[in-house]
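What's in target_20.cif: mmCIF, C-alpha atoms
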```cif
data_my_file
#
loop_
_atom_site.label_atom_id
_atom_site.label_comp_id
_atom_site.auth_asym_id
_atom_site.auth_seq_id
_atom_site.Cartn_x
_atom_site.Cartn_y
_atom_site.Cartn_z
CA MET A 1 -1.15 2.98 13.50
CA ILE A 2 -3.60 5.52 14.80
CA GLN A 3 -2.83 8.45 17.01
CA PHE A 4 -5.24 7.54 19.78
CA LYS A 5 -4.52 10.61 21.89
CA ALA A 6 -5.56 12.88 19.04
CA LEU A 7 -8.59 10.64 18.41
CA ALA A 8 -9.67 10.80 22.07
CA SER A 9 -9.31 14.58 22.03
CA ARG A 10 -11.41 14.91 18.87
CA LEU A 11 -14.06 12.60 20.32
CA ARG A 12 -14.20 14.74 23.46
CA HIS A 13 -14.70 17.87 21.42
CA GLU A 14 -17.32 16.12 19.27
CA GLU A 15 -15.44 16.79 16.07
CA LEU A 16 -15.96 13.22 14.97
CA ARG A 17 -19.28 11.67 14.16
CA VAL A 18 -19.90 8.43 16.02
CA GLY A 19 -22.75 6.13 15.19
CA ASN A 20 -23.60 2.57 14.47
CA SER A 21 -26.81 2.89 12.52
CA ASN A 22 -27.18 4.32 9.05
CA GLU A 23 -29.53 7.07 10.30
CA GLU A 24 -27.03 8.24 12.91
CA PHE A 25 -24.14 7.98 10.55
CA GLY A 26 -25.76 9.66 7.60
CA VAL A 27 -24.29 7.19 5.07
CA ASP A 28 -25.30 3.61 4.38
CA VAL A 29 -22.11 1.72 5.14
CA ASN A 30 -23.63 -1.71 5.58
CA ARG A 31 -22.49 -4.37 3.20
CA ARG A 32 -25.02 -5.90 0.88
CA ALA A 33 -25.86 -9.46 1.80
CA VAL A 34 -23.77 -11.67 -0.45
CA PRO A 35 -25.60 -14.65 -2.01
CA ASP A 36 -25.64 -17.72 0.21
CA VAL A 37 -22.90 -20.16 -0.71
CA PRO A 38 -24.26 -23.73 -0.48
CA PRO A 39 -22.71 -25.91 2.25
CA GLY A 40 -19.65 -27.79 1.02
CA GLU A 41 -19.09 -25.32 -1.82
CA ASN A 42 -17.23 -22.03 -1.93
CA ILE A 43 -18.35 -20.42 -5.16
CA VAL A 44 -21.79 -19.29 -6.30
CA ILE A 45 -22.81 -17.44 -9.50
CA SER A 46 -25.69 -14.97 -9.49
CA ASP A 47 -27.05 -11.95 -11.40
CA PHE A 48 -25.79 -8.43 -10.71
CA PRO A 49 -27.47 -5.12 -11.58
CA SER A 50 -26.09 -3.02 -14.42
CA VAL A 51 -22.93 -1.25 -13.25
CA GLU A 52 -23.05 1.24 -16.11
CA ASP A 53 -26.55 2.48 -15.13
CA ARG A 54 -25.52 2.85 -11.52
CA LEU A 55 -22.37 4.78 -12.45
CA ASN A 56 -24.54 7.21 -14.43
CA GLU A 57 -26.97 7.57 -11.49
CA LEU A 58 -24.05 8.42 -9.20
CA GLY A 59 -22.82 11.03 -11.70
CA ILE A 60 -19.54 9.22 -12.28
CA GLY A 61 -19.98 8.32 -15.92
CA GLU A 62 -17.44 6.08 -17.59
CA VAL A 63 -14.65 4.40 -15.63
CA PRO A 64 -11.71 2.29 -16.86
CA TYR A 65 -12.20 -1.35 -17.70
CA VAL A 66 -11.71 -2.74 -14.20
CA ALA A 67 -13.00 -1.23 -10.95
CA VAL A 68 -13.24 -2.12 -7.28
CA LEU A 69 -16.89 -1.45 -6.45
CA PRO A 70 -17.58 0.20 -3.08
CA ARG A 71 -19.52 -1.88 -0.54
CA ASN A 72 -22.56 0.41 -0.74
CA PHE A 73 -22.39 0.79 -4.51
CA GLU A 74 -26.03 -0.22 -4.98
CA THR A 75 -27.47 2.06 -2.27
CA ALA A 76 -25.27 5.17 -2.06
CA SER A 77 -27.02 8.45 -2.85
CA ASP A 78 -24.00 10.08 -4.52
CA ALA A 79 -20.32 9.43 -5.23
CA LYS A 80 -19.17 11.13 -2.02
CA ALA A 81 -21.21 8.66 0.06
CA LEU A 82 -19.38 5.67 -1.41
CA ILE A 83 -17.49 3.53 1.09
CA LEU A 84 -14.54 1.46 -0.11
CA GLU A 85 -13.20 -1.74 1.41
CA SER A 86 -9.75 -1.12 2.89
CA SER A 87 -8.26 -3.60 0.41
CA ALA A 88 -9.19 -1.30 -2.53
CA SER A 89 -5.77 0.41 -2.40
CA GLU A 90 -4.02 -2.96 -2.48
CA LEU A 91 -6.09 -4.04 -5.51
CA ARG A 92 -5.06 -0.81 -7.24
CA ILE A 93 -1.38 -1.60 -6.60
CA LEU A 94 -1.82 -5.20 -7.80
CA GLY A 95 -3.61 -3.91 -10.91
CA ARG A 96 -0.79 -1.50 -11.70
CA LYS A 97 1.73 -4.35 -11.40
CA ALA A 98 -0.40 -6.53 -13.71
CA GLY A 99 -0.75 -3.73 -16.26
CA VAL A 100 -4.45 -3.12 -15.54
CA ASP A 101 -5.81 0.32 -14.63
CA VAL A 102 -8.06 -0.28 -11.62
CA GLU A 103 -10.56 2.42 -10.59
CA THR A 104 -11.21 2.75 -6.84
CA PHE A 105 -13.48 5.86 -6.91
CA ALA A 106 -11.22 7.66 -4.39
CA ARG A 107 -10.87 10.54 -6.89
CA PHE A 108 -14.67 10.96 -6.77
CA GLY A 109 -14.59 11.47 -2.98
CA ALA A 110 -15.20 7.87 -1.85
CA ARG A 111 -13.92 7.10 1.63
CA GLU A 112 -12.41 3.93 3.05
CA ILE A 113 -13.65 1.72 5.89
CA GLN A 114 -11.07 0.07 8.13
CA GLU A 115 -12.39 -2.93 10.02
CA ASN A 116 -9.97 -4.77 12.21
CA ASP A 117 -11.45 -8.24 12.03
CA ILE A 118 -9.48 -11.26 10.86
CA PHE A 119 -12.04 -11.88 8.11
CA THR A 120 -10.44 -10.77 4.84
CA ILE A 121 -12.83 -8.97 2.50
CA VAL A 122 -11.05 -8.52 -0.79
CA GLY A 123 -13.98 -6.65 -2.30
CA ILE A 124 -16.08 -6.58 -5.45
CA VAL A 125 -13.98 -6.50 -8.61
CA TRP A 126 -15.94 -5.40 -11.69
CA MET A 127 -14.61 -6.33 -15.11
CA SER A 128 -16.22 -4.66 -18.12
CA SER A 129 -16.92 -6.51 -21.36
CA GLN A 130 -14.12 -4.43 -22.96
CA ALA A 131 -11.64 -5.62 -20.33
CA LEU A 132 -12.64 -9.24 -20.82
CA LYS A 133 -11.82 -9.01 -24.54
CA ASN A 134 -8.16 -8.84 -23.55
CA ALA A 135 -8.22 -11.40 -20.78
CA ALA A 136 -4.49 -12.12 -20.29
CA PRO A 137 -3.81 -9.14 -17.95
CA ILE A 138 -7.12 -9.82 -16.18
CA VAL A 139 -6.08 -13.40 -15.41
CA LYS A 140 -2.68 -12.08 -14.28
CA LEU A 141 -4.44 -9.61 -11.98
CA LEU A 142 -6.71 -12.35 -10.64
CA GLN A 143 -3.74 -14.61 -9.96
CA SER A 144 -2.01 -11.82 -8.03
CA ILE A 145 -5.22 -11.15 -6.06
CA VAL A 146 -5.33 -14.86 -5.16
CA ASP A 147 -1.65 -14.81 -4.10
CA PHE A 148 -2.17 -11.59 -2.13
CA ALA A 149 -5.23 -12.95 -0.28
CA LYS A 150 -3.43 -16.21 0.46
CA SER A 151 -0.32 -14.50 1.81
CA ARG A 152 -2.51 -12.40 4.12
CA SER A 153 -4.34 -15.34 5.60
CA THR A 154 -2.49 -18.65 5.29
CA THR A 155 -0.56 -18.10 8.48
CA ARG A 156 -3.62 -17.00 10.40
CA GLU A 157 -5.96 -19.41 12.10
CA LYS A 158 -9.65 -19.52 11.24
CA SER A 159 -9.40 -16.79 8.61
CA GLU A 160 -11.85 -16.66 5.72
CA ILE A 161 -11.77 -14.79 2.43
CA GLU A 162 -14.65 -13.13 0.65
CA LEU A 163 -14.16 -12.08 -2.97
CA GLU A 164 -16.74 -11.13 -5.58
CA LEU A 165 -16.02 -10.88 -9.29
CA VAL A 166 -18.59 -9.11 -11.44
CA GLN A 167 -18.27 -9.86 -15.15
CA GLU A 168 -20.06 -7.82 -17.78
CA PHE A 169 -21.12 -9.62 -20.94
CA VAL A 170 -22.50 -8.32 -24.23
CA VAL A 171 -25.79 -10.10 -24.89
CA GLY A 172 -27.41 -9.09 -28.17
CA ASN A 173 -27.63 -5.30 -28.14
CA GLY A 174 -27.50 -5.01 -24.38
CA ARG A 175 -25.19 -5.91 -21.52
CA GLU A 176 -25.63 -8.31 -18.65
CA SER A 177 -23.62 -8.71 -15.46
CA LYS A 178 -22.92 -11.93 -13.58
CA ARG A 179 -21.52 -12.08 -10.09
CA LEU A 180 -19.15 -14.82 -8.98
CA THR A 181 -18.94 -14.96 -5.17
CA TYR A 182 -16.21 -16.80 -3.31
CA LYS A 183 -16.48 -17.32 0.43
CA GLY A 184 -14.18 -19.72 2.23
CA PRO A 185 -10.58 -20.54 3.12
CA ALA A 186 -7.67 -18.93 1.27
CA SER A 187 -6.36 -22.34 0.21
CA LYS A 188 -9.33 -22.90 -2.12
CA LEU A 189 -9.45 -19.38 -3.54
CA VAL A 190 -7.42 -20.47 -6.55
CA ASP A 191 -10.55 -22.44 -7.69
CA ILE A 192 -12.06 -19.11 -8.70
CA ILE A 193 -9.80 -18.84 -11.79
CA PRO A 194 -11.07 -21.97 -13.66
CA THR A 195 -14.64 -21.04 -12.63
CA LEU A 196 -14.19 -17.59 -14.20
CA GLN A 197 -12.74 -19.16 -17.34
CA ALA A 198 -15.63 -21.64 -17.59
CA SER A 199 -18.14 -18.83 -17.07
CA LEU A 200 -16.59 -16.83 -19.92
CA ARG A 201 -16.57 -19.84 -22.23
CA ARG A 202 -20.25 -20.46 -21.51
CA ASN A 203 -20.93 -16.87 -22.45
CA GLU A 204 -19.05 -17.25 -25.72
CA ASP A 205 -21.19 -20.27 -26.56
CA HIS A 206 -24.20 -17.97 -26.24
CA GLY A 207 -22.75 -15.36 -28.58
CA GLY A 208 -20.99 -13.24 -25.98
CA VAL A 209 -17.51 -11.76 -26.12
CA SER A 210 -14.62 -13.81 -27.36
CA SER A 211 -11.72 -14.39 -25.03
CA PRO A 212 -9.07 -16.54 -26.71
CA GLU A 213 -6.51 -16.01 -23.93
CA LEU A 214 -8.85 -17.57 -21.41
CA ASN A 215 -9.57 -20.52 -23.64
CA ASN A 216 -5.84 -21.11 -23.87
CA GLY A 217 -5.76 -21.13 -20.09
CA GLN A 218 -3.33 -18.20 -19.90
CA MET B 1 22.20 -18.38 23.50
CA ALA B 2 21.51 -21.32 25.76
CA SER B 3 24.71 -23.14 24.82
CA LYS B 4 28.07 -21.44 24.44
CA LYS B 5 28.22 -21.62 20.64
CA ARG B 6 29.74 -18.67 18.84
CA ILE B 7 27.17 -16.77 16.81
CA ASP B 8 28.09 -15.72 13.30
CA VAL B 9 26.41 -12.36 13.09
CA SER B 10 27.97 -11.13 9.88
CA THR B 11 25.22 -12.45 7.58
CA PRO B 12 21.47 -13.03 8.05
CA ARG B 13 21.88 -16.70 7.09
CA GLY B 14 24.76 -17.16 9.57
CA LEU B 15 22.65 -15.79 12.38
CA LEU B 16 19.69 -18.00 11.44
CA ASP B 17 21.97 -21.07 11.30
CA ALA B 18 23.19 -20.31 14.79
CA PHE B 19 19.62 -20.11 16.04
CA GLU B 20 18.68 -23.30 14.21
CA SER B 21 21.59 -25.29 15.68
CA ASP B 22 20.52 -24.46 19.20
CA GLU B 23 16.75 -24.35 18.84
CA ALA B 24 16.09 -26.98 21.54
CA GLY B 25 18.37 -25.20 24.01
CA MET B 26 16.66 -21.89 23.35
CA ARG B 27 13.24 -23.42 23.82
CA SER B 28 14.22 -24.88 27.17
CA VAL B 29 15.28 -21.43 28.36
CA ARG B 30 11.89 -20.11 27.22
CA SER B 31 9.90 -22.86 28.92
CA ALA B 32 7.87 -22.24 32.07
CA THR B 33 10.09 -24.33 34.36
CA TYR B 34 13.51 -22.86 33.61
CA ASP B 35 15.50 -20.73 36.04
CA ILE B 36 14.30 -17.12 35.87
CA SER B 37 17.82 -15.65 36.04
CA LYS B 38 18.74 -17.58 32.87
CA LYS B 39 15.64 -16.12 31.19
CA HIS B 40 16.80 -12.63 32.12
CA SER B 41 20.24 -13.30 30.71
CA PHE B 42 18.74 -14.81 27.51
CA ASP B 43 16.45 -11.80 27.20
CA SER B 44 19.37 -9.37 27.38
CA GLU B 45 21.32 -11.45 24.84
CA LEU B 46 18.41 -11.31 22.42
CA ARG B 47 18.07 -7.55 22.92
CA HIS B 48 21.77 -7.21 22.14
CA ILE B 49 21.34 -9.26 18.93
CA MET B 50 18.33 -7.13 17.94
CA LYS B 51 20.37 -3.94 18.38
CA HIS B 52 23.04 -5.43 16.12
CA VAL B 53 20.45 -6.43 13.49
CA GLN B 54 18.86 -2.96 13.61
CA ALA B 55 22.30 -1.36 13.16
CA GLN B 56 22.99 -3.63 10.18
CA ILE B 57 19.68 -2.60 8.57
CA GLU B 58 20.43 1.09 9.08
CA ASN B 59 23.95 0.72 7.66
CA ILE B 60 23.08 -1.09 4.46
CA ARG B 61 19.52 -0.19 3.59
CA HIS B 62 20.46 2.39 0.95
CA GLU B 63 23.39 0.49 -0.63
CA ARG B 64 22.09 -3.09 -0.37
CA PRO B 65 18.29 -2.97 0.06
CA ASP B 66 17.83 -6.72 -0.60
CA GLU B 67 20.22 -7.70 2.15
CA ALA B 68 18.55 -5.18 4.48
CA THR B 69 15.23 -6.91 3.73
CA ASP B 70 16.78 -10.27 4.70
CA TRP B 71 17.99 -8.73 7.97
CA ARG B 72 14.50 -7.34 8.68
CA ALA B 73 13.02 -10.82 8.19
CA VAL B 74 15.57 -12.22 10.67
CA GLN B 75 14.63 -9.42 13.04
CA CYS B 76 11.00 -10.61 13.01
CA TYR B 77 12.11 -14.06 14.19
CA VAL B 78 14.47 -12.71 16.89
CA GLU B 79 11.78 -10.29 18.11
CA SER B 80 9.32 -13.16 18.45
CA LEU B 81 11.82 -15.06 20.64
CA GLN B 82 12.56 -11.97 22.68
CA HIS B 83 8.88 -11.12 23.28
CA GLU B 84 8.23 -14.71 24.32
CA THR B 85 11.09 -14.59 26.84
CA THR B 86 9.74 -11.32 28.23
CA MET B 87 6.32 -12.99 28.45
CA TRP B 88 7.71 -15.76 30.67
CA ILE B 89 9.45 -13.18 32.85
CA ALA B 90 6.16 -11.24 33.18
CA ILE B 91 4.37 -14.45 34.16
CA SER B 92 6.98 -15.17 36.82
CA ASN B 93 6.40 -11.61 38.10
CA ASN B 94 2.66 -12.34 38.29
CA ASN B 95 1.89 -9.67 35.69
CA ALA B 96 -0.74 -11.32 33.47
CA SER B 97 -1.61 -8.20 31.49
CA ALA B 98 2.01 -7.54 30.45
CA ALA B 99 2.46 -11.24 29.67
CA TRP B 100 -0.54 -11.15 27.33
CA SER B 101 0.84 -8.06 25.54
CA CYS B 102 4.18 -9.83 25.06
CA PHE B 103 2.41 -12.93 23.77
CA CYS B 104 0.51 -10.80 21.18
CA GLU B 105 3.78 -9.27 19.97
CA ALA B 106 5.51 -12.68 19.90
CA GLU B 107 2.70 -14.13 17.77
CA ARG B 108 2.63 -11.12 15.43
CA GLU B 109 6.39 -11.28 14.83
CA ALA B 110 6.24 -15.08 14.40
CA LEU B 111 3.58 -14.60 11.69
CA LEU B 112 5.81 -12.09 9.92
CA ALA B 113 8.80 -14.43 10.28
CA VAL B 114 6.87 -17.32 8.70
CA ARG B 115 5.86 -15.11 5.78
CA HIS B 116 9.28 -13.59 5.18
CA LEU B 117 11.49 -16.57 6.00
CA PRO B 118 9.98 -19.24 3.74
CA ASN B 119 11.29 -22.78 4.28
CA TYR B 120 12.91 -21.83 7.59
CA GLY B 121 11.72 -24.58 9.95
CA PRO B 122 12.40 -22.81 13.28
CA ALA B 123 10.11 -19.91 12.28
CA ASP B 124 7.25 -22.34 11.50
CA ARG B 125 7.89 -24.19 14.76
CA GLN B 126 8.00 -20.89 16.69
CA LEU B 127 4.52 -20.00 15.41
CA ILE B 128 3.14 -23.43 16.35
CA HIS B 129 4.88 -23.21 19.73
CA ILE B 130 3.58 -19.73 20.56
CA ARG B 131 0.02 -20.74 19.68
CA GLU B 132 0.36 -23.76 21.93
CA VAL B 133 1.57 -21.43 24.68
CA GLU B 134 -1.61 -19.36 24.21
CA ARG B 135 -3.77 -22.48 24.53
CA VAL B 136 -1.97 -23.90 27.59
CA VAL B 137 -0.89 -20.83 29.54
CA PHE B 138 -3.69 -18.27 29.10
CA PRO B 139 -7.36 -18.76 29.96
CA PRO B 140 -9.47 -18.99 26.78
CA GLN B 141 -10.69 -15.57 25.68
CA ARG B 142 -13.82 -15.61 23.59
CA LEU B 143 -14.36 -11.96 22.83
CA PHE B 144 -12.05 -9.28 21.53
CA LEU B 145 -12.77 -5.79 20.24
CA SER B 146 -12.62 -4.56 16.68
CA SER B 147 -12.98 -0.98 15.57
CA SER B 148 -14.64 0.18 12.37
CA LEU B 149 -13.31 3.51 11.17
CA ILE B 150 -14.03 5.69 8.16
CA VAL B 151 -11.00 7.43 6.69
CA ALA B 152 -10.30 9.50 3.60
CA PRO B 153 -7.89 7.55 1.31
CA GLU B 154 -5.55 10.57 1.16
CA ASP B 155 -5.13 10.37 4.97
CA VAL B 156 -3.58 6.90 4.69
CA THR B 157 0.12 6.97 3.85
CA CYS B 158 2.81 4.39 3.17
CA SER B 159 5.38 3.82 5.94
CA VAL B 160 8.14 3.20 3.40
CA CYS B 161 7.94 6.26 1.15
CA GLY B 162 5.40 8.50 2.91
CA THR B 163 3.18 8.99 -0.15
CA VAL B 164 -0.57 8.31 -0.19
CA TYR B 165 -1.04 4.54 0.16
CA GLY B 166 -1.96 3.04 -3.21
CA GLU B 167 -0.09 5.69 -5.22
CA CYS B 168 3.19 3.84 -4.66
CA ASP B 169 3.94 0.16 -5.29
CA HIS B 170 4.55 -0.83 -1.65
CA LEU B 171 2.12 -3.41 -0.30
CA ALA B 172 1.40 -3.35 3.45
CA GLY B 173 2.92 -6.36 5.20
CA GLU B 174 5.84 -6.70 2.78
CA ILE B 175 9.42 -5.64 3.54
CA TYR B 176 11.17 -3.14 1.25
CA GLY B 177 14.83 -2.27 1.83
CA GLY B 178 14.63 -3.38 5.46
CA ILE B 179 11.44 -1.45 6.23
CA LEU B 180 8.14 -3.17 6.90
CA ALA B 181 5.44 -1.51 4.80
CA LEU B 182 2.42 -0.41 6.83
CA LYS B 183 -0.65 1.66 6.15
CA VAL B 184 -0.30 4.70 8.41
CA THR B 185 -3.65 6.30 9.22
CA ASN B 186 -3.02 9.99 9.87
CA GLY B 187 -6.59 11.18 10.33
CA LEU B 188 -10.10 9.90 10.85
CA ASP B 189 -13.31 11.01 9.25
CA ALA B 190 -15.65 9.10 11.53
CA VAL B 191 -15.84 6.27 14.03
CA ARG B 192 -18.55 3.86 13.01
CA GLU B 193 -18.51 1.27 15.77
CA VAL B 194 -16.49 -0.90 18.10
CA SER B 195 -17.74 -4.45 17.95
CA PHE B 196 -17.10 -7.76 19.69
CA VAL B 197 -15.32 -10.29 17.50
CA GLU B 198 -13.93 -13.75 18.10
CA ASN B 199 -10.97 -13.41 15.75
CA PRO B 200 -9.54 -9.87 15.86
CA SER B 201 -6.67 -8.65 13.74
CA SER B 202 -4.99 -7.52 16.96
CA LYS B 203 -5.27 -9.61 20.13
CA HIS B 204 -4.17 -6.57 22.11
CA CYS B 205 -7.78 -5.35 21.82
CA ARG B 206 -9.16 -7.44 24.66
CA ILE B 207 -11.72 -6.66 27.33
CA LEU B 208 -9.81 -5.46 30.39
CA GLU B 209 -12.54 -5.58 32.97
CA VAL B 210 -15.96 -7.23 33.32
CA ALA B 211 -17.92 -6.49 36.51
CA GLY B 212 -14.72 -5.44 38.26
CA VAL B 213 -12.76 -8.55 37.23
CA ASP B 214 -10.03 -8.98 34.60
CA PRO B 215 -11.21 -11.94 32.45
CA LEU B 216 -7.56 -12.96 31.97
CA THR B 217 -6.81 -13.44 35.68
CA GLY B 218 -10.22 -13.73 37.36
CA VAL B 219 -9.25 -11.00 39.85
CA PRO B 220 -9.70 -7.21 39.80
CA PRO B 221 -7.14 -5.59 37.48
CA LYS B 222 -4.20 -3.85 39.06
CA LYS B 223 -4.72 -0.12 39.03
CA VAL B 224 -1.59 1.55 37.73
CA THR B 225 -1.10 4.94 39.32
CA ARG B 226 0.64 7.78 37.52
CA ALA B 227 3.51 7.58 40.00
CA ALA B 228 3.97 3.85 39.33
CA ARG B 229 3.90 4.45 35.56
CA ARG B 230 6.57 7.19 35.94
CA GLU B 231 8.65 4.83 38.10
CA ARG B 232 8.40 2.04 35.51
CA LYS B 233 9.43 4.46 32.75
CA LYS B 234 12.52 5.51 34.73
CA ARG B 235 13.51 1.87 35.17
#
```

Hey, can you dump this file as structure tokens for me?
Amino acid sequence: MIQFKALASRLRHEELRVGNSNEEFGVDVNRRAVPDVPPGENIVISDFPSVEDRLNELGIGEVPYVAVLPRNFETASDAKALILESSASELRILGRKAGVDVETFARFGAREIQENDIFTIVGIVWMSSQALKNAAPIVKLLQSIVDFAKSRSTTREKSEIELELVQEFVVGNGRESKRLTYKGPASKLVDIIPTLQASLRRNEDHGGVSSPELNNGQ
Amino acid sequence: MASKKRIDVSTPRGLLDAFESDEAGMRSVRSATYDISKKHSFDSELRHIMKHVQAQIENIRHERPDEATDWRAVQCYVESLQHETTMWIAISNNNASAAWSCFCEAEREALLAVRHLPNYGPADRQLIHIREVERVVFPPQRLFLSSSLIVAPEDVTCSVCGTVYGECDHLAGEIYGGILALKVTNGLDAVREVSFVENPSSKHCRILEVAGVDPLTGVPPKKVTRAARRERKKR
């Protein structure tokens, strides 16, 4: 619900900035290209740059164990230029219900983009190595994200879901992030949970964090 | 209702049962070939039922929020039927633009009804039916419009409790105590773009005129004068 009369008036008086390119707009709001998902599949795993380093560059410092990363997280010049997906608020609510504190960066001045397309972008959910040590609430959160995304799209025709999970692993003395990208229909989104569990088990085999809850399939 | 069955309006389930028992009759009234006067009478009946449902929600939403939520779900289904009936009336009046608006509302309410009335067959069939109506009655529309807006999170509030959206536990699209939760955008920071999309979130955002012709009808759109708009409002 937008008050269009007020909007038209503000546009007339040039109070609002209007632009479609990053130069005009002043902030890079374009989404990063997600990795190509092979035909016939919905999930792909790829590397992701260090979230911790980027948070320090942006002057944010430490954040709680789980965060919804803004769409221009890798390119934004400072925290105030961050642009959140509109589903970030929903993920925060779902996190609270699952007992997980989810950071959305709104308190650092990040703004939200509202795009009225049928394509559902859930966003990039970052899970720190600390969060993955206690995986039960994370799996609960993931299950509620899956249910939420499904309820928003199952009754719509031709709708697709895009969800990225970034997992941080401890490897030796350092940390490494892996990105799990899902792109496809809501009905197959539930496949992302066993893929996440398998990915964590593989990491354990290589000396990464231990996650007994995930191994028990909770 | 199409047949003269007595409607039990005291409970949400009773009202749904009444609709279910006469689904075929209702559909015939809503079909393209039925007598227009019967459509008008069905339309006014549905409006009357909606008023009753709204009054029920208002009366009980503080004392019995769960029952109010059930009533709101029923309201979605009744609204879909009512908008569809109005759509047929608009078509018979040769008003394509109004018919399209009514179709959009009928589809939106049918979607909500399917989500909030699980395992209620007529709601599922209404959604299938209304989409078939779109395919058969309206010319195919390939392009819609979608806006891309930048807002500050604190300018988005919850329609249920009025606090900043995300601070409360109300999820947009769900019903709480008879109120449909929505994200209310109270201010804009910037307009990024308006783009062409095939699958918009709102089918109201269509192109009204291309080279002097309404793509929905193939003829120039009717210009609505201020006087005509005032006259319509009075009516």

_Ref. answer, residues at most 10 Å from (-14.1, 6.6, -5.4) with all atoms listed in the file, as a ChimeraX atom specification_ = /A:60,67-70,79-84,88,103-112 /B:153

*Identify the residues within 10 Å of coordinate (-11.2, -7.7, 31.6) (same frame as the file), considering all atoms listed in the file, and give the answer as a PyMOL selection string.*
chain B and resi 97+141+206-221

*Pull out every residue that the PyMOL selection byres ((chain B and resi 65-79) around 9) matches in the shown coordinates and put them as a ChimeraX atom specification.*
/B:11-13,15-16,46-47,49-50,53-54,56-64,80-84,105-106,108-117,122-123,126,175-180

*asked:* Please check the contacts: residues of chain B at most 8 Å away from chain A, using all atoms listed in the file, listed as a PyMOL selection string.
replied: chain B and resi 111+114-115+146-153+165-171+183-193+197+199-202

Atoms kept (C-alpha atoms) for selection, written as a short mmCIF file (atom, residue, chain, number, x, y, z; two decimals), in the coordinates of the input:
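The file below, part-v1.cif, is the result:
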```cif
data_model
loop_
_atom_site.label_atom_id
_atom_site.label_comp_id
_atom_site.auth_asym_id
_atom_site.auth_seq_id
_atom_site.Cartn_x
_atom_site.Cartn_y
_atom_site.Cartn_z
CA LEU B 111 3.58 -14.60 11.69
CA VAL B 114 6.87 -17.32 8.70
CA ARG B 115 5.86 -15.11 5.78
CA SER B 146 -12.62 -4.56 16.68
CA SER B 147 -12.98 -0.98 15.57
CA SER B 148 -14.64 0.18 12.37
CA LEU B 149 -13.31 3.51 11.17
CA ILE B 150 -14.03 5.69 8.16
CA VAL B 151 -11.00 7.43 6.69
CA ALA B 152 -10.30 9.50 3.60
CA PRO B 153 -7.89 7.55 1.31
CA TYR B 165 -1.04 4.54 0.16
CA GLY B 166 -1.96 3.04 -3.21
CA GLU B 167 -0.09 5.69 -5.22
CA CYS B 168 3.19 3.84 -4.66
CA ASP B 169 3.94 0.16 -5.29
CA HIS B 170 4.55 -0.83 -1.65
CA LEU B 171 2.12 -3.41 -0.30
CA LYS B 183 -0.65 1.66 6.15
CA VAL B 184 -0.30 4.70 8.41
CA THR B 185 -3.65 6.30 9.22
CA ASN B 186 -3.02 9.99 9.87
CA GLY B 187 -6.59 11.18 10.33
CA LEU B 188 -10.10 9.90 10.85
CA ASP B 189 -13.31 11.01 9.25
CA ALA B 190 -15.65 9.10 11.53
CA VAL B 191 -15.84 6.27 14.03
CA ARG B 192 -18.55 3.86 13.01
CA GLU B 193 -18.51 1.27 15.77
CA VAL B 197 -15.32 -10.29 17.50
CA ASN B 199 -10.97 -13.41 15.75
CA PRO B 200 -9.54 -9.87 15.86
CA SER B 201 -6.67 -8.65 13.74
CA SER B 202 -4.99 -7.52 16.96
#
```

*Would you work out the distance separating atom CA of A:Tyr65 from atom CA of A:Ala131, expressed in Å to one decimal?*
5.0 Å

Taking the file as I've supplied it (selection: the PyMOL selection byres ((chain A and resi 53-57) around 12)), which residues are included? Please answer as a JSON list (two decimals) with C-alpha atoms, keeping the file's coordinate frame.
```json
[["chain", "number", "residue", "atom", "x", "y", "z"],
["A", 48, "PHE", "CA", -25.79, -8.43, -10.71],
["A", 49, "PRO", "CA", -27.47, -5.12, -11.58],
["A", 50, "SER", "CA", -26.09, -3.02, -14.42],
["A", 51, "VAL", "CA", -22.93, -1.25, -13.25],
["A", 52, "GLU", "CA", -23.05, 1.24, -16.11],
["A", 58, "LEU", "CA", -24.05, 8.42, -9.20],
["A", 59, "GLY", "CA", -22.82, 11.03, -11.70],
["A", 60, "ILE", "CA", -19.54, 9.22, -12.28],
["A", 61, "GLY", "CA", -19.98, 8.32, -15.92],
["A", 62, "GLU", "CA", -17.44, 6.08, -17.59],
["A", 63, "VAL", "CA", -14.65, 4.40, -15.63],
["A", 64, "PRO", "CA", -11.71, 2.29, -16.86],
["A", 67, "ALA", "CA", -13.00, -1.23, -10.95],
["A", 69, "LEU", "CA", -16.89, -1.45, -6.45],
["A", 70, "PRO", "CA", -17.58, 0.20, -3.08],
["A", 72, "ASN", "CA", -22.56, 0.41, -0.74],
["A", 73, "PHE", "CA", -22.39, 0.79, -4.51],
["A", 74, "GLU", "CA", -26.03, -0.22, -4.98],
["A", 75, "THR", "CA", -27.47, 2.06, -2.27],
["A", 76, "ALA", "CA", -25.27, 5.17, -2.06],
["A", 77, "SER", "CA", -27.02, 8.45, -2.85],
["A", 78, "ASP", "CA", -24.00, 10.08, -4.52],
["A", 79, "ALA", "CA", -20.32, 9.43, -5.23],
["A", 82, "LEU", "CA", -19.38, 5.67, -1.41],
["A", 105, "PHE", "CA", -13.48, 5.86, -6.91],
["A", 108, "PHE", "CA", -14.67, 10.96, -6.77],
["A", 174, "GLY", "CA", -27.50, -5.01, -24.38],
["A", 175, "ARG", "CA", -25.19, -5.91, -21.52],
["A", 176, "GLU", "CA", -25.63, -8.31, -18.65],
["A", 177, "SER", "CA", -23.62, -8.71, -15.46]]
```

Hey, could you pull the box centre and edge lengths for stretch 117-132 of chain B, axis-aligned, 4 Å padding per side, all listed atoms, to one decimal in Å, as lines of an AutoDock Vina configuration file?
```
center_x = 6.5
center_y = -20.6
center_z = 12.8
size_x = 20.9
size_y = 16.0
size_z = 26.2
```
